[in-house]
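Below is the file work19.cif, which contains mmCIF, C-alpha atoms.
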data_upload
#
loop_
_atom_site.label_atom_id
_atom_site.label_comp_id
_atom_site.auth_asym_id
_atom_site.auth_seq_id
_atom_site.Cartn_x
_atom_site.Cartn_y
_atom_site.Cartn_z
CA MET D 1 -79.49 48.86 91.93
CA ILE D 2 -75.71 49.01 92.26
CA SER D 3 -73.37 47.03 94.49
CA LEU D 4 -70.26 48.58 96.03
CA ILE D 5 -67.63 46.04 97.04
CA PHE D 6 -64.60 47.20 99.01
CA ASP D 7 -61.12 46.00 99.77
CA LEU D 8 -60.31 46.39 103.48
CA ASP D 9 -56.69 47.37 104.13
CA ASP D 10 -55.67 50.79 102.83
CA THR D 11 -59.15 51.29 101.40
CA LEU D 12 -61.76 51.38 104.17
CA TYR D 13 -59.01 52.42 106.56
CA PHE D 14 -55.32 53.25 106.12
CA GLN D 15 -52.70 50.99 107.70
CA LYS D 16 -50.08 53.73 107.75
CA ASP D 17 -51.26 55.30 111.01
CA GLN D 18 -50.78 52.05 112.91
CA PHE D 19 -47.44 51.45 111.19
CA LEU D 20 -46.07 54.85 112.18
CA LYS D 21 -47.18 54.39 115.78
CA THR D 22 -45.52 50.96 115.93
CA VAL D 23 -42.23 52.25 114.52
CA GLU D 24 -42.10 55.00 117.13
CA GLN D 25 -43.08 52.68 120.00
CA THR D 26 -40.52 49.97 119.20
CA GLY D 27 -37.65 52.41 118.69
CA TYR D 28 -35.67 50.32 116.20
CA LEU D 29 -35.56 53.17 113.68
CA LYS D 30 -33.34 55.88 115.10
CA GLU D 31 -33.66 58.25 112.14
CA LEU D 32 -37.40 58.90 112.05
CA LYS D 33 -36.93 60.94 108.87
CA GLN D 34 -36.55 57.53 107.18
CA ILE D 35 -39.98 56.37 108.31
CA GLU D 36 -41.63 57.02 104.94
CA GLU D 37 -38.99 54.93 103.18
CA LEU D 38 -39.46 52.17 105.73
CA TYR D 39 -43.20 52.15 105.12
CA VAL D 40 -42.67 51.64 101.38
CA PHE D 41 -40.24 48.79 102.05
CA PHE D 42 -42.69 47.23 104.52
CA GLN D 43 -45.51 47.37 101.97
CA GLU D 44 -43.31 45.75 99.32
CA ALA D 45 -42.12 43.04 101.71
CA SER D 46 -45.70 42.39 102.81
CA GLU D 47 -46.70 41.74 99.21
CA TRP D 48 -44.09 39.12 98.35
CA THR D 49 -44.03 37.40 101.74
CA TYR D 50 -47.84 37.13 101.68
CA LYS D 51 -47.62 35.36 98.33
CA LEU D 52 -45.11 32.90 99.80
CA GLN D 53 -47.39 32.30 102.77
CA ASP D 54 -50.41 31.92 100.49
CA GLU D 55 -48.49 29.28 98.51
CA GLY D 56 -47.64 27.38 101.70
CA GLN D 57 -43.92 28.22 101.65
CA LEU D 58 -44.11 30.22 104.90
CA THR D 59 -46.25 29.97 107.99
CA LEU D 60 -48.21 33.06 108.99
CA GLU D 61 -45.80 33.84 111.83
CA GLU D 62 -42.77 33.34 109.57
CA MET D 63 -44.29 35.69 106.99
CA ARG D 64 -44.94 38.42 109.53
CA ILE D 65 -41.45 38.19 111.03
CA LEU D 66 -39.72 38.05 107.64
CA ARG D 67 -41.46 41.15 106.25
CA VAL D 68 -40.33 43.23 109.24
CA ILE D 69 -36.74 41.96 109.02
CA GLU D 70 -36.61 42.59 105.27
CA ALA D 71 -38.11 46.08 105.50
CA TYR D 72 -35.60 47.25 108.10
CA LYS D 73 -32.75 45.53 106.23
CA GLN D 74 -33.39 47.87 103.28
CA LEU D 75 -32.27 50.73 105.55
CA GLY D 76 -29.22 48.84 106.81
CA ILE D 77 -30.83 47.91 110.13
CA GLN D 78 -30.45 44.27 111.19
CA LEU D 79 -33.28 42.97 113.38
CA ASP D 80 -33.22 39.49 114.87
CA GLU D 81 -36.37 37.36 115.03
CA GLU D 82 -37.06 38.32 118.65
CA LYS D 83 -37.13 42.03 117.83
CA ALA D 84 -39.20 41.43 114.67
CA LEU D 85 -41.72 39.43 116.69
CA HIS D 86 -41.90 42.22 119.28
CA TRP D 87 -42.52 44.70 116.46
CA GLN D 88 -45.31 42.52 115.02
CA GLU D 89 -46.98 42.10 118.42
CA SER D 90 -46.99 45.89 118.90
CA TYR D 91 -48.42 46.34 115.41
CA GLU D 92 -51.27 43.91 116.12
CA ILE D 93 -52.16 45.76 119.33
CA ASN D 94 -52.27 49.06 117.43
CA GLN D 95 -54.46 47.51 114.74
CA GLN D 96 -57.09 46.74 117.37
CA ASN D 97 -57.58 50.49 117.76
CA ILE D 98 -58.21 51.39 114.11
CA GLN D 99 -61.09 53.72 113.25
CA LEU D 100 -63.05 54.66 110.17
CA ASN D 101 -62.45 58.09 108.72
CA PRO D 102 -65.56 60.18 109.60
CA SER D 103 -66.25 60.92 105.91
CA MET D 104 -66.06 57.23 105.01
CA LYS D 105 -68.40 56.41 107.88
CA GLU D 106 -70.92 58.98 106.64
CA LEU D 107 -70.69 57.48 103.15
CA LEU D 108 -71.39 53.96 104.41
CA ILE D 109 -74.37 55.20 106.41
CA TYR D 110 -75.72 56.93 103.31
CA CYS D 111 -75.20 53.79 101.17
CA TYR D 112 -77.00 51.68 103.74
CA GLU D 113 -79.92 54.10 103.92
CA GLN D 114 -80.17 54.11 100.11
CA ASN D 115 -80.33 50.29 100.06
CA VAL D 116 -77.05 50.01 98.16
CA GLN D 117 -75.67 46.48 98.44
CA LEU D 118 -72.31 46.55 100.21
CA GLY D 119 -69.64 43.88 100.28
CA ILE D 120 -66.02 43.27 101.24
CA ILE D 121 -63.38 41.01 99.68
CA THR D 122 -60.10 41.04 101.56
CA ASN D 123 -56.93 38.98 101.40
CA GLY D 124 -55.41 37.80 104.66
CA PRO D 125 -55.72 35.43 107.60
CA SER D 126 -59.30 35.05 108.81
CA LYS D 127 -58.74 35.87 112.49
CA HIS D 128 -56.62 38.94 111.76
CA GLN D 129 -58.90 40.41 109.08
CA ARG D 130 -62.05 39.78 111.10
CA MET D 131 -60.46 41.45 114.11
CA LYS D 132 -60.05 44.59 111.97
CA ILE D 133 -63.60 44.32 110.63
CA GLU D 134 -64.88 44.18 114.20
CA ALA D 135 -62.66 47.07 115.35
CA LEU D 136 -64.05 49.24 112.52
CA GLY D 137 -67.65 48.29 113.33
CA LEU D 138 -68.32 47.30 109.72
CA SER D 139 -71.03 44.76 110.55
CA GLN D 140 -73.41 47.74 110.93
CA TRP D 141 -73.44 48.12 107.15
CA PHE D 142 -71.97 44.92 105.70
CA PRO D 143 -73.98 41.71 106.20
CA GLU D 144 -71.85 38.77 107.32
CA GLU D 145 -72.62 36.84 104.13
CA HIS D 146 -71.28 39.77 102.08
CA ILE D 147 -67.84 39.70 103.75
CA LEU D 148 -65.35 37.30 102.16
CA VAL D 149 -61.89 36.76 103.67
CA SER D 150 -59.36 34.80 101.65
CA GLY D 151 -58.24 32.94 104.77
CA ASP D 152 -61.74 31.46 105.05
CA MET D 153 -62.11 30.75 101.35
CA GLY D 154 -58.78 29.13 100.54
CA ILE D 155 -58.49 31.45 97.52
CA SER D 156 -57.16 34.99 97.24
CA LYS D 157 -57.58 38.01 95.00
CA PRO D 158 -57.06 38.30 92.05
CA ASN D 159 -58.43 34.76 91.63
CA LYS D 160 -61.75 35.17 89.83
CA ALA D 161 -63.37 32.52 92.03
CA ILE D 162 -63.46 34.73 95.12
CA PHE D 163 -65.18 37.52 93.15
CA THR D 164 -67.64 35.01 91.68
CA ALA D 165 -68.46 33.71 95.15
CA LEU D 166 -69.53 37.16 96.31
CA GLU D 167 -71.41 38.00 93.12
CA LYS D 168 -73.64 34.98 93.71
CA LYS D 169 -74.58 36.45 97.07
CA LEU D 170 -75.22 39.92 95.60
CA MET D 171 -77.42 39.07 92.64
CA ARG D 172 -80.57 40.63 94.09
CA GLN D 173 -81.55 43.23 91.46
CA THR D 174 -77.92 44.29 91.00
CA LYS D 175 -77.25 45.97 87.66
CA GLU D 176 -73.73 47.30 88.24
CA TYR D 177 -70.85 46.05 90.37
CA TYR D 178 -68.13 48.46 91.52
CA TYR D 179 -64.99 47.22 93.24
CA ILE D 180 -62.95 49.70 95.25
CA GLY D 181 -59.37 48.90 96.23
CA ASP D 182 -55.82 50.22 96.42
CA ASN D 183 -53.84 47.26 95.04
CA TYR D 184 -53.63 47.30 91.25
CA ASP D 185 -52.77 43.64 90.72
CA ASN D 186 -55.25 42.21 93.21
CA ASP D 187 -58.11 44.71 93.07
CA VAL D 188 -58.07 46.32 89.64
CA VAL D 189 -57.01 43.27 87.64
CA GLY D 190 -59.25 40.98 89.67
CA SER D 191 -62.36 43.08 89.21
CA LEU D 192 -61.64 43.68 85.50
CA ASN D 193 -61.42 39.92 84.97
CA MET D 194 -64.81 39.62 86.65
CA GLY D 195 -66.39 42.26 84.43
CA TRP D 196 -66.89 44.62 87.36
CA GLN D 197 -66.11 48.34 87.32
CA PRO D 198 -62.83 48.93 89.20
CA ILE D 199 -62.24 52.09 91.17
CA TRP D 200 -58.54 52.30 91.95
CA LEU D 201 -57.66 54.22 95.09
CA ASN D 202 -54.11 55.03 93.98
CA HIS D 203 -53.02 56.95 97.06
CA LYS D 204 -49.45 55.69 96.56
CA GLN D 205 -49.28 57.50 93.20
CA GLU D 206 -48.20 54.39 91.27
CA LYS D 207 -47.53 54.70 87.55
CA ARG D 208 -49.54 52.21 85.51
CA VAL D 209 -50.89 51.98 81.98
CA LEU D 210 -54.61 51.82 82.72
CA ASP D 211 -57.44 50.14 80.89
CA ALA D 212 -59.81 52.85 79.67
CA SER D 213 -62.58 51.54 81.92
CA VAL D 214 -60.65 51.96 85.17
CA ILE D 215 -61.71 54.86 87.39
CA GLU D 216 -58.67 56.22 89.24
CA VAL D 217 -58.78 58.39 92.35
CA THR D 218 -55.76 59.42 94.38
CA SER D 219 -57.20 60.36 97.78
CA ARG D 220 -59.92 59.29 100.16
CA ASN D 221 -61.83 62.53 99.58
CA ASP D 222 -61.74 61.99 95.81
CA LEU D 223 -63.00 58.43 96.34
CA ILE D 224 -65.91 59.59 98.48
CA ASN D 225 -66.84 62.27 95.93
CA LYS D 226 -66.71 59.71 93.10
CA LEU D 227 -68.92 57.23 94.97
CA GLN D 228 -71.43 59.95 95.76
CA GLU D 229 -71.47 60.90 92.09
CA ILE D 230 -72.10 57.26 91.10
CA MET D 231 -74.96 56.85 93.55
CA ASN D 232 -76.63 60.08 92.45
CA LYS D 233 -76.43 59.59 88.71
#

Just give me the structure of the file as C-alpha cells.
Amino acid sequence: MISLIFDLDDTLYFQKDQFLKTVEQTGYLKELKQIEELYVFFQEASEWTYKLQDEGQLTLEEMRILRVIEAYKQLGIQLDEEKALHWQESYEINQQNIQLNPSMKELLIYCYEQNVQLGIITNGPSKHQRMKIEALGLSQWFPEEHILVSGDMGISKPNKAIFTALEKKLMRQTKEYYYIGDNYDNDVVGSLNMGWQPIWLNHKQEKRVLDASVIEVTSRNDLINKLQEIMNK
C-alpha cells in the first residue's frame, strides 16, 4: 500500500485565484497588467515574513500586513497599515470560497475508493489553514488524524519532526510514502530528508538542480496523470 501526503496551499488548490480577486476588489493596483509581478512579490514576501513570524519576531497580524506592504512597495506603491489590513481582510473572505479543481476532486475520490492512505502536512496558523481545509471539504477523504498543521504542532516544514509525526500515524501496511508539494525548500527538501519520494509541483517554473530521485511536474494535469500512473503500477 502507498501513502500520498499533500501540501495544502498551491498544491491541493491554487491561491492565485483568490489573490487576483482581492487585488481587483481593493483597487490599490491601478495598472492591472502588473498583477503577475505583484503576485510573485507577494509570494516572496509571504515566505520571508512567515519565517519571521514562525521564529516569534512578528505576530501573525504583523506578518500579514507586512507582506502586503512589501509586495506593493516592489512596484513603487506605498500602502499604509490600514490599507494593508483592509487588503488582508478581503483576501481572507475570498479564501473562504476556495474550491477543489474537478480533476483533483476526482483523483481524491479514486484514491479513497482504492484505500490509498491520504495525509496533509501544511505550514501556517491553525485557524486559517483549517478554515481552508473545511472550505475545500477535505475531511471527506483525509481523516482528522492524518492532517497536520504547523500551527498546532509548534514545528514547521522542512523540520523532519513534523514528517515523522505523520508517518507514525500512517504506518498501517504502508510500503511507499509520496509527498506532493510546490515549495522546494519546505516540501522537496523536507520529504527527501525523511526518505519519502517527493513529487514537486513546480508550476512556478523555478530553476533548481534536482536530486535524481525527485519527480517534477509543472502543471496540475501532469500531477494528476503522474499520481494515476503511480497508483496503477

Suppose a student applies the PyMOL selection byres ((chain D and resi 156) around 10) to this structure; what residues should they get, written as a PDB file with C-alpha atoms, in the frame of the given file?
ATOM      1  CA  LYS D  51     -47.620  35.360  98.330  1.00  0.00           C
ATOM      2  CA  ASP D  54     -50.410  31.920 100.490  1.00  0.00           C
ATOM      3  CA  ILE D 121     -63.380  41.010  99.680  1.00  0.00           C
ATOM      4  CA  THR D 122     -60.100  41.040 101.560  1.00  0.00           C
ATOM      5  CA  ASN D 123     -56.930  38.980 101.400  1.00  0.00           C
ATOM      6  CA  GLY D 124     -55.410  37.800 104.660  1.00  0.00           C
ATOM      7  CA  LEU D 148     -65.350  37.300 102.160  1.00  0.00           C
ATOM      8  CA  VAL D 149     -61.890  36.760 103.670  1.00  0.00           C
ATOM      9  CA  SER D 150     -59.360  34.800 101.650  1.00  0.00           C
ATOM     10  CA  GLY D 151     -58.240  32.940 104.770  1.00  0.00           C
ATOM     11  CA  ASP D 152     -61.740  31.460 105.050  1.00  0.00           C
ATOM     12  CA  MET D 153     -62.110  30.750 101.350  1.00  0.00           C
ATOM     13  CA  GLY D 154     -58.780  29.130 100.540  1.00  0.00           C
ATOM     14  CA  ILE D 155     -58.490  31.450  97.520  1.00  0.00           C
ATOM     15  CA  LYS D 157     -57.580  38.010  95.000  1.00  0.00           C
ATOM     16  CA  PRO D 158     -57.060  38.300  92.050  1.00  0.00           C
ATOM     17  CA  ASN D 159     -58.430  34.760  91.630  1.00  0.00           C
ATOM     18  CA  LYS D 160     -61.750  35.170  89.830  1.00  0.00           C
ATOM     19  CA  ALA D 161     -63.370  32.520  92.030  1.00  0.00           C
ATOM     20  CA  ILE D 162     -63.460  34.730  95.120  1.00  0.00           C
ATOM     21  CA  PHE D 163     -65.180  37.520  93.150  1.00  0.00           C
ATOM     22  CA  ASN D 186     -55.250  42.210  93.210  1.00  0.00           C
ATOM     23  CA  GLY D 190     -59.250  40.980  89.670  1.00  0.00           C
TER      24      GLY D 190
END

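Here the question is which of D:Pro102, D:Tyr13, D:Ala84, D:Trp196 gets nearest to D:Ala135 using all atoms listed in the file, and that residue is D:Tyr13.
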
- Message: Can you translate the PyMOL selection byres ((chain D and resi 179) around 6) into the concrete residues it hits in this file, as number ranges by chain?
- Response: D: 5-6, 178, 180, 198-199

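Coordinates place atom CA of D:Phe19 at a distance of 8.8 Å from atom CA of D:Gln95.
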
- Task: For the structure provided, state which residues fall under the PyMOL selection byres ((chain D and resi 80) around 10), and present them as a list in words.
- Result: Ile65, Leu66, Val68, Ile69, Ile77, Gln78, Leu79, Glu81, Glu82, Lys83, Ala84 and Leu85 of chain D

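For the atom pair formed by atom CA of D:Leu118 and atom CA of D:Ser3, the distance is 5.8 Å, given to one decimal.
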
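From atom CA of D:Ala45 back to atom CA of D:Leu192, the distance works out to 25.4 Å.
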
- Counting all atoms listed in the file, which of D:Leu75, D:Leu8, D:Met194, D:Leu20 gets nearest to D:Asn94? D:Leu20

- Query: Can you list, as a VMD selection string, every protein, DNA or RNA residue that comes within 8 Å of stretch 220-225 of chain D when you count all atoms listed in the file, leaving out same-chain residues fewer than 4 positions away?
  - Reply: chain D and resid 103 to 104 107 201 203 229

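Neighbouring residues of D:Tyr50 at 9 Å or closer, counting only C-alpha atoms and skipping chain neighbours under 6 positions away, are Leu58, Leu60, Met63, Arg64, Arg67 and Gly124 of chain D.
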
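The residue that comes closest to D:Ile215, out of D:Glu89, D:Glu70, D:Glu47, D:Asp182 and on the basis of all atoms listed in the file, is D:Asp182.
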
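With distances restricted to only C-alpha atoms, D:Gln99 is the closest residue to D:Phe14 from D:Ser126, D:Lys233, D:Leu29, D:Gln99.
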
- Pick from D:Ile147, D:Ala165, D:Val188, D:Leu32 nearest to D:Ile133, counting only C-alpha atoms: D:Ile147

Any chance you could work out the axis-aligned box around stretch 60-65 of chain D, listed atoms only, 6 Å on each side, giving centre and edge lengths in Å to one decimal, as AutoDock Vina command-line options?
--center_x -44.8 --center_y 35.7 --center_z 109.4 --size_x 18.8 --size_y 17.4 --size_z 16.8

Can you pull out every residue within 7 Å of D:Leu38, counting all atoms listed in the file, but drop anything in the same chain fewer than 4 positions away, and send it as a PDB file with C-alpha atoms, in the frame of the given file?
ATOM      1  CA  GLN D  34     -36.550  57.530 107.180  1.00  0.00           C
ATOM      2  CA  PHE D  42     -42.690  47.230 104.520  1.00  0.00           C
ATOM      3  CA  ALA D  71     -38.110  46.080 105.500  1.00  0.00           C
ATOM      4  CA  TYR D  72     -35.600  47.250 108.100  1.00  0.00           C
TER       5      TYR D  72
END

- Message: With only C-alpha atoms as the counted atoms, please give the residues lying no more than 9 Å from D:Trp87, apart from itself and same-chain residues fewer than 6 positions off, as a ChimeraX atom specification.
- Response: /D:22-23,25-26,28,65,68

- Note on the structure: Among D:Asp187, D:Asp211, D:Asp17, D:Glu167, D:Tyr91 is approached most closely, using only C-alpha atoms, by D:Asp17

Could I get stretch 101-121 of chain D rebuilt with N, CA, C and O atoms, written as a PDB file, keeping the file's coordinate frame?
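Now in result.pdb:
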ATOM      1  N   ASN D 101     -62.430  56.655 108.966  1.00  0.00           N
ATOM      2  CA  ASN D 101     -62.450  58.090 108.720  1.00  0.00           C
ATOM      3  C   ASN D 101     -63.900  58.576 108.781  1.00  0.00           C
ATOM      4  O   ASN D 101     -64.795  57.910 108.267  1.00  0.00           O
ATOM      5  N   PRO D 102     -64.171  59.708 109.454  1.00  0.00           N
ATOM      6  CA  PRO D 102     -65.560  60.180 109.600  1.00  0.00           C
ATOM      7  C   PRO D 102     -66.292  60.314 108.260  1.00  0.00           C
ATOM      8  O   PRO D 102     -67.485  59.993 108.171  1.00  0.00           O
ATOM      9  N   SER D 103     -65.606  60.774 107.214  1.00  0.00           N
ATOM     10  CA  SER D 103     -66.250  60.920 105.910  1.00  0.00           C
ATOM     11  C   SER D 103     -66.620  59.566 105.314  1.00  0.00           C
ATOM     12  O   SER D 103     -67.672  59.411 104.692  1.00  0.00           O
ATOM     13  N   MET D 104     -65.751  58.574 105.501  1.00  0.00           N
ATOM     14  CA  MET D 104     -66.060  57.230 105.010  1.00  0.00           C
ATOM     15  C   MET D 104     -67.236  56.639 105.787  1.00  0.00           C
ATOM     16  O   MET D 104     -68.117  55.986 105.213  1.00  0.00           O
ATOM     17  N   LYS D 105     -67.281  56.893 107.060  1.00  0.00           N
ATOM     18  CA  LYS D 105     -68.400  56.410 107.880  1.00  0.00           C
ATOM     19  C   LYS D 105     -69.712  57.019 107.403  1.00  0.00           C
ATOM     20  O   LYS D 105     -70.736  56.315 107.266  1.00  0.00           O
ATOM     21  N   GLU D 106     -69.714  58.315 107.135  1.00  0.00           N
ATOM     22  CA  GLU D 106     -70.920  58.980 106.640  1.00  0.00           C
ATOM     23  C   GLU D 106     -71.358  58.390 105.300  1.00  0.00           C
ATOM     24  O   GLU D 106     -72.551  58.207 105.051  1.00  0.00           O
ATOM     25  N   LEU D 107     -70.377  58.074 104.445  1.00  0.00           N
ATOM     26  CA  LEU D 107     -70.690  57.480 103.150  1.00  0.00           C
ATOM     27  C   LEU D 107     -71.350  56.114 103.313  1.00  0.00           C
ATOM     28  O   LEU D 107     -72.345  55.812 102.647  1.00  0.00           O
ATOM     29  N   LEU D 108     -70.817  55.289 104.196  1.00  0.00           N
ATOM     30  CA  LEU D 108     -71.390  53.960 104.410  1.00  0.00           C
ATOM     31  C   LEU D 108     -72.803  54.050 104.983  1.00  0.00           C
ATOM     32  O   LEU D 108     -73.688  53.273 104.606  1.00  0.00           O
ATOM     33  N   ILE D 109     -73.018  54.994 105.870  1.00  0.00           N
ATOM     34  CA  ILE D 109     -74.370  55.200 106.410  1.00  0.00           C
ATOM     35  C   ILE D 109     -75.325  55.588 105.297  1.00  0.00           C
ATOM     36  O   ILE D 109     -76.445  55.061 105.202  1.00  0.00           O
ATOM     37  N   TYR D 110     -74.878  56.484 104.420  1.00  0.00           N
ATOM     38  CA  TYR D 110     -75.720  56.930 103.310  1.00  0.00           C
ATOM     39  C   TYR D 110     -76.026  55.754 102.368  1.00  0.00           C
ATOM     40  O   TYR D 110     -77.169  55.577 101.933  1.00  0.00           O
ATOM     41  N   CYS D 111     -74.998  54.954 102.039  1.00  0.00           N
ATOM     42  CA  CYS D 111     -75.200  53.790 101.170  1.00  0.00           C
ATOM     43  C   CYS D 111     -76.225  52.836 101.777  1.00  0.00           C
ATOM     44  O   CYS D 111     -77.118  52.327 101.085  1.00  0.00           O
ATOM     45  N   TYR D 112     -76.091  52.599 103.041  1.00  0.00           N
ATOM     46  CA  TYR D 112     -77.000  51.680 103.740  1.00  0.00           C
ATOM     47  C   TYR D 112     -78.426  52.200 103.698  1.00  0.00           C
ATOM     48  O   TYR D 112     -79.380  51.453 103.436  1.00  0.00           O
ATOM     49  N   GLU D 113     -78.578  53.500 103.931  1.00  0.00           N
ATOM     50  CA  GLU D 113     -79.920  54.100 103.920  1.00  0.00           C
ATOM     51  C   GLU D 113     -80.527  54.081 102.530  1.00  0.00           C
ATOM     52  O   GLU D 113     -81.753  54.024 102.391  1.00  0.00           O
ATOM     53  N   GLN D 114     -79.690  54.133 101.487  1.00  0.00           N
ATOM     54  CA  GLN D 114     -80.170  54.110 100.110  1.00  0.00           C
ATOM     55  C   GLN D 114     -80.326  52.695  99.567  1.00  0.00           C
ATOM     56  O   GLN D 114     -80.590  52.496  98.387  1.00  0.00           O
ATOM     57  N   ASN D 115     -80.160  51.700 100.432  1.00  0.00           N
ATOM     58  CA  ASN D 115     -80.330  50.290 100.060  1.00  0.00           C
ATOM     59  C   ASN D 115     -79.316  49.833  99.015  1.00  0.00           C
ATOM     60  O   ASN D 115     -79.599  48.943  98.200  1.00  0.00           O
ATOM     61  N   VAL D 116     -78.140  50.459  99.017  1.00  0.00           N
ATOM     62  CA  VAL D 116     -77.050  50.010  98.160  1.00  0.00           C
ATOM     63  C   VAL D 116     -76.464  48.733  98.758  1.00  0.00           C
ATOM     64  O   VAL D 116     -76.196  48.675  99.961  1.00  0.00           O
ATOM     65  N   GLN D 117     -76.276  47.707  97.936  1.00  0.00           N
ATOM     66  CA  GLN D 117     -75.670  46.480  98.440  1.00  0.00           C
ATOM     67  C   GLN D 117     -74.174  46.700  98.659  1.00  0.00           C
ATOM     68  O   GLN D 117     -73.475  47.163  97.755  1.00  0.00           O
ATOM     69  N   LEU D 118     -73.703  46.347  99.844  1.00  0.00           N
ATOM     70  CA  LEU D 118     -72.310  46.550 100.210  1.00  0.00           C
ATOM     71  C   LEU D 118     -71.638  45.211 100.466  1.00  0.00           C
ATOM     72  O   LEU D 118     -72.240  44.304 101.044  1.00  0.00           O
ATOM     73  N   GLY D 119     -70.385  45.101 100.050  1.00  0.00           N
ATOM     74  CA  GLY D 119     -69.640  43.880 100.280  1.00  0.00           C
ATOM     75  C   GLY D 119     -68.164  44.172 100.490  1.00  0.00           C
ATOM     76  O   GLY D 119     -67.679  45.263 100.199  1.00  0.00           O
ATOM     77  N   ILE D 120     -67.460  43.174 101.018  1.00  0.00           N
ATOM     78  CA  ILE D 120     -66.020  43.270 101.240  1.00  0.00           C
ATOM     79  C   ILE D 120     -65.362  41.988 100.740  1.00  0.00           C
ATOM     80  O   ILE D 120     -65.852  40.886 101.019  1.00  0.00           O
ATOM     81  N   ILE D 121     -64.263  42.137  99.991  1.00  0.00           N
ATOM     82  CA  ILE D 121     -63.380  41.010  99.680  1.00  0.00           C
ATOM     83  C   ILE D 121     -61.986  41.421 100.117  1.00  0.00           C
ATOM     84  O   ILE D 121     -61.451  42.426  99.630  1.00  0.00           O
TER      85      ILE D 121
END
